[in-house]
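This report refers to the structure that appears directly beneath it.
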Amino acid sequence: MIRFDNVSKFYPKQNRPALRDVSLEVERGEFVFLVGSSGSGKSTFLRLILREERASHGQVHVLGKDLARLSNWKVPHMRRQIGTVFQDFRLLPNKTVGENVAFALEVIGRSRGDIRKSVPQVLDLVGLAGKEDRMPGELSGGEQQRVAIARAFVNKPKLLIADEPTGNLDPQTSVGIMKLLDRINRTGATVVMATHDQQIVDQMRKRVIELEKGRLVRDQSRGVYGYQH
Amino acid sequence: MRAQFVLSEIGVGLRRNLTMTFAVIVSVALSLALLGGALLAREQVNSMKGYWYDKVQVSIYLCNENDAETGSNCTKGAVSAQQKRQIKADLEKLGIVEKVYHETAEEAYKHYQEQFKDSPLADSLTPDQMQESYRVKLKDPTKFEVISTAFSGREGVYEVQDQRNLLENLFRMLNGMNWAALGLMGLMLVVALLLIVNTVRVAAFSRRRETGIMRLVGASSFYIQMPFIAEAAFAGLLGAVGATVLLVVGRYFLIDAGLSLAEQMPLINFIGWDALFKVLPLVFVVGVLMPALAAFFTLRKYLKV
């Protein structure tokens with residue numbers, strides 16, 4: 001699903017690389033936590049997967065494609081198979097919940113009938129059935145994140161990238177979101193989640209990848225957040 | 001479904017940025033009106049050239065008795081009958097000459113009197129001061145030089161005058177004005193382009209949330225950029241409509257009413273509405289394509305994939 005071969009990423013005007021010689025593989029259907037302090041390279045790692053950045057050295061394969069060789073105009077098609085969820089939800093405030101989810105399908109040219117069928121289904125899946133006509137501002141943070149997850153998953157992507165999805169939520173709401181991501185993972189989607197939330201990582205006991213100053217320092221199946229220092 | 005979605009997005013985008021859109025429409029309208037105006041002026045000059053060149057002649061003025069001091073070839077006084085016959089025969093031998101008229105001094109005096117009927121100048125000359133002349137009509141009015149070199153130095157010829165020279169000055173002035181209009185158009189076009197670039201930039205910035213999400217869910221860059229390009233093209237279309245109104249009103253008030261040049265200068269055949277309608281397609285094509293292309297290239301910079 002995802003393979004990094006000796007990947008390094010240098011940003012211009014920065015001495016230290018954001019990623020240094022990272023090699024790893026994520027298999028289909030895995031659930032992976034990506035941990036590490038701020039500036040450890042987590043965001044760069046995710047941006048490389050989404051091809052918002054290109055690797056300086058090494059190769060990145062996502063969904064069986066070498067991203068270095070993927071031409072620009074094919075990138076949108078690749079991204080349609082990847083769902084993305086962020087800490088700040090990134091919902092459109094002037095559209096209803098249903099419209100926000102439908103927007104993701106409209107802009108990739110899905111038919112109206114298709115959209116009418118898919119949107120209620122996915123809202124039901126994330127536990128927001130009946131809230132289609134609410135505005136994002138009327139919802140709690142946890143509910144807004146559920147809308148974002150619904151939008152990310154409505155196109156049935158094979159890969160879900162979550163960048164600190166629980167960063168703005170209280171612990172109890174976070175548990176709900178994690179249960180949802182776990183359910184999505186059980187439908188067969190691969191989930192890569194960057195997080196700082198120690199409790200969640202320790203509870204879930206999934207594979208943990210730790211970055212430190214751009215290096216891969218730990219890759220542990222059924223791991224915990226970190227060693228106590 | 002998609003078309004409706006796109007159209008509603010365009011409407012929202014244009015309204016959100018109303019002042020800037022208005023500025024774009026006005027500047028596009030002005031530059032296109034100048035473009036159309038310059039093209040029409042050129043058309044006018046060309047039609048005038050054709051009309052007048054057809055009428056102009058080369059005049060070979062012959063010496064009369066009073067020209068002995070002023071004309072270098074007139075030292076022997078008035079032109080002799082034999083010289084006249086020779087000139088006429090030589091003219092008719094030339095292949096480039098279409099027709100030769102002879103104008104006597106009396107006729108010249110009559111024409112002069114008619115021309116300056118209401119002016120004190122009418123009485124300032126007497127028939128014996130007028131010159132006899134041959135009026136030569138050429139098959140190709142630009143071949144004046146041939147006549148000039150052949151007859152200028154000849155005994156009994158006072159002066160060879162090409163009437164075209166008189167018109168040339170007028171046309172040169174009109175041409176200069178034409179270039180000035182085109183230059184002004186170029187300047188307005190640059191202003192319009194900069195305004196479009198800025199408008200698109202602001203629009204792209206104010207919608208970065210939408211476009212960011214579109215990117216994330218895998219909308220094609222064409223799909224992301226199209227609303228911006230369509231907005232710019234639509235503003236350009238409105239500008240072209242504005243330019244059309246300016247041109248129609250401008251022609252009407254210059255030629256038919258207001259200044260009513262057609263009435264005041266009956267000798268000039270002014271361009272008609274058909275000439276105006278002929279430049280409109282170009283005005284519309286430029287009006288729509290230029291903003292669309294400007295938007296496209298702006299987005300390449302400000303809307304990354």
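Ordering of the structure tokens sets the chain letters (A, B, ...); residue numbers start at 1 within each chain; ligands are numbered from 1 in the order shown.
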
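Residue-level DSSP output for segment 26-265 of chain B, from the backbone, shows strand (DSSP E) at B:Val58, B:Ser59, B:Ile60, B:Tyr61, B:Leu62, B:Val97, B:Glu98, B:Lys99, B:Val100, B:Tyr101, B:His102, B:Glu103, B:Ser133, B:Tyr134, B:Arg135, B:Val136, B:Lys137, B:Leu138, B:Val157, B:Tyr158, B:Glu159, B:Val160, B:Gln161, B:Asp162.
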
Please, could you write that set of residues out with C-alpha atoms as an mmCIF file, in the first residue's frame?
```
data_model
loop_
_atom_site.group_PDB
_atom_site.id
_atom_site.type_symbol
_atom_site.label_atom_id
_atom_site.label_comp_id
_atom_site.auth_asym_id
_atom_site.auth_seq_id
_atom_site.Cartn_x
_atom_site.Cartn_y
_atom_site.Cartn_z
ATOM 1 C CA VAL B 58 -1.522 64.978 -61.745
ATOM 2 C CA SER B 59 -1.708 68.564 -62.954
ATOM 3 C CA ILE B 60 0.785 69.906 -65.448
ATOM 4 C CA TYR B 61 0.505 73.678 -65.211
ATOM 5 C CA LEU B 62 1.632 75.496 -68.300
ATOM 6 C CA VAL B 97 -1.820 57.469 -68.480
ATOM 7 C CA GLU B 98 -5.473 56.720 -68.483
ATOM 8 C CA LYS B 99 -6.885 60.031 -69.636
ATOM 9 C CA VAL B 100 -5.736 63.561 -70.367
ATOM 10 C CA TYR B 101 -7.956 66.596 -69.960
ATOM 11 C CA HIS B 102 -7.064 70.055 -71.060
ATOM 12 C CA GLU B 103 -8.141 72.919 -68.880
ATOM 13 C CA SER B 133 -3.104 72.968 -67.549
ATOM 14 C CA TYR B 134 -3.244 69.339 -68.532
ATOM 15 C CA ARG B 135 -5.046 67.177 -65.993
ATOM 16 C CA VAL B 136 -3.658 63.688 -66.200
ATOM 17 C CA LYS B 137 -5.454 60.749 -64.754
ATOM 18 C CA LEU B 138 -3.135 57.821 -64.090
ATOM 19 C CA VAL B 157 5.822 73.748 -68.186
ATOM 20 C CA TYR B 158 5.449 75.817 -65.076
ATOM 21 C CA GLU B 159 4.989 73.051 -62.544
ATOM 22 C CA VAL B 160 3.977 69.422 -62.261
ATOM 23 C CA GLN B 161 1.820 68.949 -59.207
ATOM 24 C CA ASP B 162 0.599 65.728 -57.702
#
```

Could you build a table of the residues in chain A lying no more than 9 Å from chain B, giving for each the nearest pair of atoms and their separation in Å rounded to one decimal place, using only C-alpha atoms, ordered by chain and ascending residue number, as JSON lines?
```
{"residue": "A:Leu50", "atom": "CA", "partner": "B:Leu216", "partner_atom": "CA", "distance": 8.4}
{"residue": "A:Glu52", "atom": "CA", "partner": "B:Val305", "partner_atom": "CA", "distance": 7.7}
{"residue": "A:Asn72", "atom": "CA", "partner": "B:Val305", "partner_atom": "CA", "distance": 7.4}
{"residue": "A:Trp73", "atom": "CA", "partner": "B:Ser220", "partner_atom": "CA", "distance": 7.4}
{"residue": "A:Lys74", "atom": "CA", "partner": "B:Ser220", "partner_atom": "CA", "distance": 8.4}
{"residue": "A:Val75", "atom": "CA", "partner": "B:Gly218", "partner_atom": "CA", "distance": 7.6}
{"residue": "A:Pro76", "atom": "CA", "partner": "B:Gly218", "partner_atom": "CA", "distance": 4.1}
{"residue": "A:His77", "atom": "CA", "partner": "B:Gly218", "partner_atom": "CA", "distance": 5.9}
{"residue": "A:Met78", "atom": "CA", "partner": "B:Gly218", "partner_atom": "CA", "distance": 7.2}
{"residue": "A:Arg79", "atom": "CA", "partner": "B:Gly218", "partner_atom": "CA", "distance": 4.8}
{"residue": "A:Arg80", "atom": "CA", "partner": "B:Gly218", "partner_atom": "CA", "distance": 4.6}
{"residue": "A:Gln81", "atom": "CA", "partner": "B:Gly218", "partner_atom": "CA", "distance": 8.2}
{"residue": "A:Ile82", "atom": "CA", "partner": "B:Val217", "partner_atom": "CA", "distance": 7.7}
{"residue": "A:Gly83", "atom": "CA", "partner": "B:Val217", "partner_atom": "CA", "distance": 7.0}
{"residue": "A:Thr84", "atom": "CA", "partner": "B:Leu216", "partner_atom": "CA", "distance": 6.9}
{"residue": "A:Arg90", "atom": "CA", "partner": "B:Ile213", "partner_atom": "CA", "distance": 7.3}
{"residue": "A:Leu91", "atom": "CA", "partner": "B:Ile213", "partner_atom": "CA", "distance": 8.2}
{"residue": "A:Leu92", "atom": "CA", "partner": "B:Glu210", "partner_atom": "CA", "distance": 7.0}
{"residue": "A:Phe103", "atom": "CA", "partner": "B:Met214", "partner_atom": "CA", "distance": 8.3}
{"residue": "A:Ala104", "atom": "CA", "partner": "B:Val217", "partner_atom": "CA", "distance": 5.8}
{"residue": "A:Leu105", "atom": "CA", "partner": "B:Val217", "partner_atom": "CA", "distance": 8.2}
{"residue": "A:Glu106", "atom": "CA", "partner": "B:Arg2", "partner_atom": "CA", "distance": 7.4}
{"residue": "A:Val107", "atom": "CA", "partner": "B:Ala219", "partner_atom": "CA", "distance": 5.4}
{"residue": "A:Ile108", "atom": "CA", "partner": "B:Ala219", "partner_atom": "CA", "distance": 5.0}
{"residue": "A:Gly109", "atom": "CA", "partner": "B:Arg2", "partner_atom": "CA", "distance": 6.9}
{"residue": "A:Arg110", "atom": "CA", "partner": "B:Arg2", "partner_atom": "CA", "distance": 8.7}
{"residue": "A:Ser111", "atom": "CA", "partner": "B:Met1", "partner_atom": "CA", "distance": 7.4}
{"residue": "A:Arg112", "atom": "CA", "partner": "B:Met1", "partner_atom": "CA", "distance": 6.7}
{"residue": "A:Arg151", "atom": "CA", "partner": "B:Val217", "partner_atom": "CA", "distance": 8.5}
{"residue": "A:Ala152", "atom": "CA", "partner": "B:Val217", "partner_atom": "CA", "distance": 7.3}
{"residue": "A:Asn155", "atom": "CA", "partner": "B:Val217", "partner_atom": "CA", "distance": 8.7}
```

Quick one: everything within 8 Å of segment 284-286 of chain B, counting only C-alpha atoms, minus sequence neighbours fewer than 3 positions away in the same chain. Send it as an mmCIF file with N, CA, C and O atoms, in the first residue's frame.
```
data_model
loop_
_atom_site.group_PDB
_atom_site.id
_atom_site.type_symbol
_atom_site.label_atom_id
_atom_site.label_comp_id
_atom_site.auth_asym_id
_atom_site.auth_seq_id
_atom_site.Cartn_x
_atom_site.Cartn_y
_atom_site.Cartn_z
ATOM 1 N N LEU B 32 -11.054 47.467 -25.318
ATOM 2 C CA LEU B 32 -11.649 46.888 -26.520
ATOM 3 C C LEU B 32 -12.279 47.968 -27.401
ATOM 4 O O LEU B 32 -12.210 47.892 -28.630
ATOM 5 N N LEU B 237 -16.544 39.127 -21.193
ATOM 6 C CA LEU B 237 -17.699 39.168 -22.092
ATOM 7 C C LEU B 237 -18.523 40.428 -21.828
ATOM 8 O O LEU B 237 -18.926 41.139 -22.757
ATOM 9 N N ALA B 240 -16.779 43.275 -23.301
ATOM 10 C CA ALA B 240 -16.943 43.340 -24.757
ATOM 11 C C ALA B 240 -18.298 43.943 -25.106
ATOM 12 O O ALA B 240 -18.421 44.731 -26.051
ATOM 13 N N VAL B 241 -19.319 43.597 -24.308
ATOM 14 C CA VAL B 241 -20.638 44.200 -24.520
ATOM 15 C C VAL B 241 -20.543 45.709 -24.305
ATOM 16 O O VAL B 241 -21.058 46.509 -25.104
ATOM 17 N N LEU B 280 -16.792 43.643 -34.611
ATOM 18 C CA LEU B 280 -17.311 43.134 -33.336
ATOM 19 C C LEU B 280 -16.868 41.713 -32.991
ATOM 20 O O LEU B 280 -16.525 41.444 -31.851
ATOM 21 N N PRO B 281 -16.853 40.786 -33.966
ATOM 22 C CA PRO B 281 -16.384 39.443 -33.604
ATOM 23 C C PRO B 281 -14.986 39.465 -32.987
ATOM 24 O O PRO B 281 -14.734 38.799 -31.974
ATOM 25 N N LEU B 289 -11.157 35.810 -24.641
ATOM 26 C CA LEU B 289 -9.936 35.001 -24.563
ATOM 27 C C LEU B 289 -8.874 35.636 -23.669
ATOM 28 O O LEU B 289 -8.221 34.942 -22.898
ATOM 29 N N MET B 290 -8.717 36.967 -23.794
ATOM 30 C CA MET B 290 -7.636 37.605 -23.046
ATOM 31 C C MET B 290 -7.801 37.407 -21.531
ATOM 32 O O MET B 290 -6.866 36.915 -20.892
#
```

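Ranking A:Ala102, A:Val85, A:Val22, A:Leu125 by their shortest atom-to-atom distance to Ala194 of chain A, with only C-alpha atoms included, puts A:Val85 first.
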
| message | What does the structure give for the distance between atom CA of Gln144 of chain A and atom CA of Val101 of chain A, in Å to one decimal? | response | 11.4 Å

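As for atom CA of Val201 of chain A and atom CA of Leu48 of chain A, they are spaced 23.0 Å apart.
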
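The closest residue to Lys131 of chain A, picked from A:Asp170, A:Asp182, A:Glu99, A:Glu53 and counting only C-alpha atoms, is A:Glu99.
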
| Long-range neighbours of segment 192-199 of chain B as a list in words, 8 Å cut-off, only C-alpha atoms, 6 positions minimum in chain | Asn17, Met20, Thr21, Ala23, Val24, Ser27, Val28, Ser31, Ala232, Met290, Pro291, Ala294, Ala295 and Thr298 of chain B

Exercise: Ala275 of chain B partners within 12 Å, only C-alpha atoms, chain neighbours under 5 positions left out, as an mmCIF file with N, CA, C and O atoms, in the first residue's frame:
```cif
data_model
loop_
_atom_site.group_PDB
_atom_site.id
_atom_site.type_symbol
_atom_site.label_atom_id
_atom_site.label_comp_id
_atom_site.auth_asym_id
_atom_site.auth_seq_id
_atom_site.Cartn_x
_atom_site.Cartn_y
_atom_site.Cartn_z
ATOM 1 N N GLY B 36 -11.382 48.490 -31.218
ATOM 2 C CA GLY B 36 -12.379 48.587 -32.285
ATOM 3 C C GLY B 36 -12.315 49.936 -32.985
ATOM 4 O O GLY B 36 -12.368 50.022 -34.211
ATOM 5 N N GLY B 37 -12.149 50.996 -32.187
ATOM 6 C CA GLY B 37 -12.080 52.340 -32.755
ATOM 7 C C GLY B 37 -10.898 52.487 -33.694
ATOM 8 O O GLY B 37 -11.022 53.046 -34.791
ATOM 9 N N LEU B 39 -9.353 50.123 -35.314
ATOM 10 C CA LEU B 39 -9.598 49.328 -36.524
ATOM 11 C C LEU B 39 -10.555 50.063 -37.465
ATOM 12 O O LEU B 39 -10.354 50.098 -38.678
ATOM 13 N N LEU B 40 -11.592 50.664 -36.871
ATOM 14 C CA LEU B 40 -12.561 51.389 -37.696
ATOM 15 C C LEU B 40 -11.920 52.618 -38.332
ATOM 16 O O LEU B 40 -12.177 52.934 -39.493
ATOM 17 N N ALA B 41 -11.061 53.309 -37.568
ATOM 18 C CA ALA B 41 -10.396 54.498 -38.115
ATOM 19 C C ALA B 41 -9.530 54.099 -39.305
ATOM 20 O O ALA B 41 -9.484 54.790 -40.325
ATOM 21 N N ARG B 42 -8.847 52.951 -39.172
ATOM 22 C CA ARG B 42 -8.017 52.486 -40.281
ATOM 23 C C ARG B 42 -8.870 52.183 -41.502
ATOM 24 O O ARG B 42 -8.532 52.550 -42.626
ATOM 25 N N GLU B 43 -9.986 51.540 -41.228
ATOM 26 C CA GLU B 43 -10.936 51.234 -42.302
ATOM 27 C C GLU B 43 -11.397 52.523 -42.991
ATOM 28 O O GLU B 43 -11.448 52.625 -44.218
ATOM 29 N N GLN B 44 -11.675 53.528 -42.162
ATOM 30 C CA GLN B 44 -12.136 54.822 -42.678
ATOM 31 C C GLN B 44 -11.060 55.444 -43.566
ATOM 32 O O GLN B 44 -11.333 55.907 -44.675
ATOM 33 N N SER B 47 -10.796 53.618 -46.841
ATOM 34 C CA SER B 47 -11.883 53.880 -47.789
ATOM 35 C C SER B 47 -11.747 55.289 -48.355
ATOM 36 O O SER B 47 -12.029 55.542 -49.517
ATOM 37 N N LEU B 247 -18.782 51.730 -28.954
ATOM 38 C CA LEU B 247 -18.519 51.899 -30.386
ATOM 39 C C LEU B 247 -19.767 52.368 -31.132
ATOM 40 O O LEU B 247 -19.709 53.285 -31.958
ATOM 41 N N VAL B 248 -20.897 51.735 -30.812
ATOM 42 C CA VAL B 248 -22.140 52.086 -31.503
ATOM 43 C C VAL B 248 -22.516 53.522 -31.176
ATOM 44 O O VAL B 248 -22.790 54.336 -32.074
ATOM 45 N N ARG B 251 -19.968 55.938 -32.840
ATOM 46 C CA ARG B 251 -20.171 56.140 -34.264
ATOM 47 C C ARG B 251 -21.400 56.989 -34.527
ATOM 48 O O ARG B 251 -21.396 57.884 -35.351
ATOM 49 N N PHE B 270 -18.313 58.211 -45.120
ATOM 50 C CA PHE B 270 -17.964 57.601 -43.838
ATOM 51 C C PHE B 270 -18.311 56.128 -43.819
ATOM 52 O O PHE B 270 -19.195 55.680 -44.542
ATOM 53 N N LEU B 280 -16.792 43.643 -34.611
ATOM 54 C CA LEU B 280 -17.311 43.134 -33.336
ATOM 55 C C LEU B 280 -16.868 41.713 -32.991
ATOM 56 O O LEU B 280 -16.525 41.444 -31.851
ATOM 57 N N PRO B 281 -16.853 40.786 -33.966
ATOM 58 C CA PRO B 281 -16.384 39.443 -33.604
ATOM 59 C C PRO B 281 -14.986 39.465 -32.987
ATOM 60 O O PRO B 281 -14.734 38.799 -31.974
#
```

| task | Tell me, as a list of chain:residue names, which residues lie within 10 Å of segment 163-168 of chain B, counting only C-alpha atoms; anything in the same chain fewer than 4 positions away does not count. | result | B:Met48, B:Lys49, B:Trp52, B:Tyr53, B:Lys55, B:Val56, B:Gln57, B:Val58, B:Ser59, B:Pro141, B:Thr142, B:Phe144, B:Arg172, B:Met173, B:Leu174

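Between atom CA of Tyr109 of chain B and atom CA of Pro127 of chain B the separation is 5.5 Å.
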
Mind checking which residues fall within 8 Å of Val147 of chain A, counting only C-alpha atoms, ignoring those fewer than 3 positions away in the same chain, and posting them as a compact mmCIF listing (two decimals) with C-alpha atoms, in the first residue's frame?
```txt
# COMPACT_ATOMS: atom_id res chain seq x y z
CA VAL A 97 -23.25 18.77 6.69
CA ASN A 100 -19.97 19.31 2.74
CA VAL A 101 -19.88 15.57 2.16
CA LEU A 123 -23.36 9.86 7.48
CA VAL A 126 -20.11 7.93 11.15
CA LEU A 128 -24.57 11.48 12.10
CA GLU A 143 -19.35 15.84 15.36
CA GLN A 144 -17.49 18.15 12.99
CA ALA A 150 -17.52 11.04 6.35
CA ARG A 151 -16.24 13.32 3.59
```
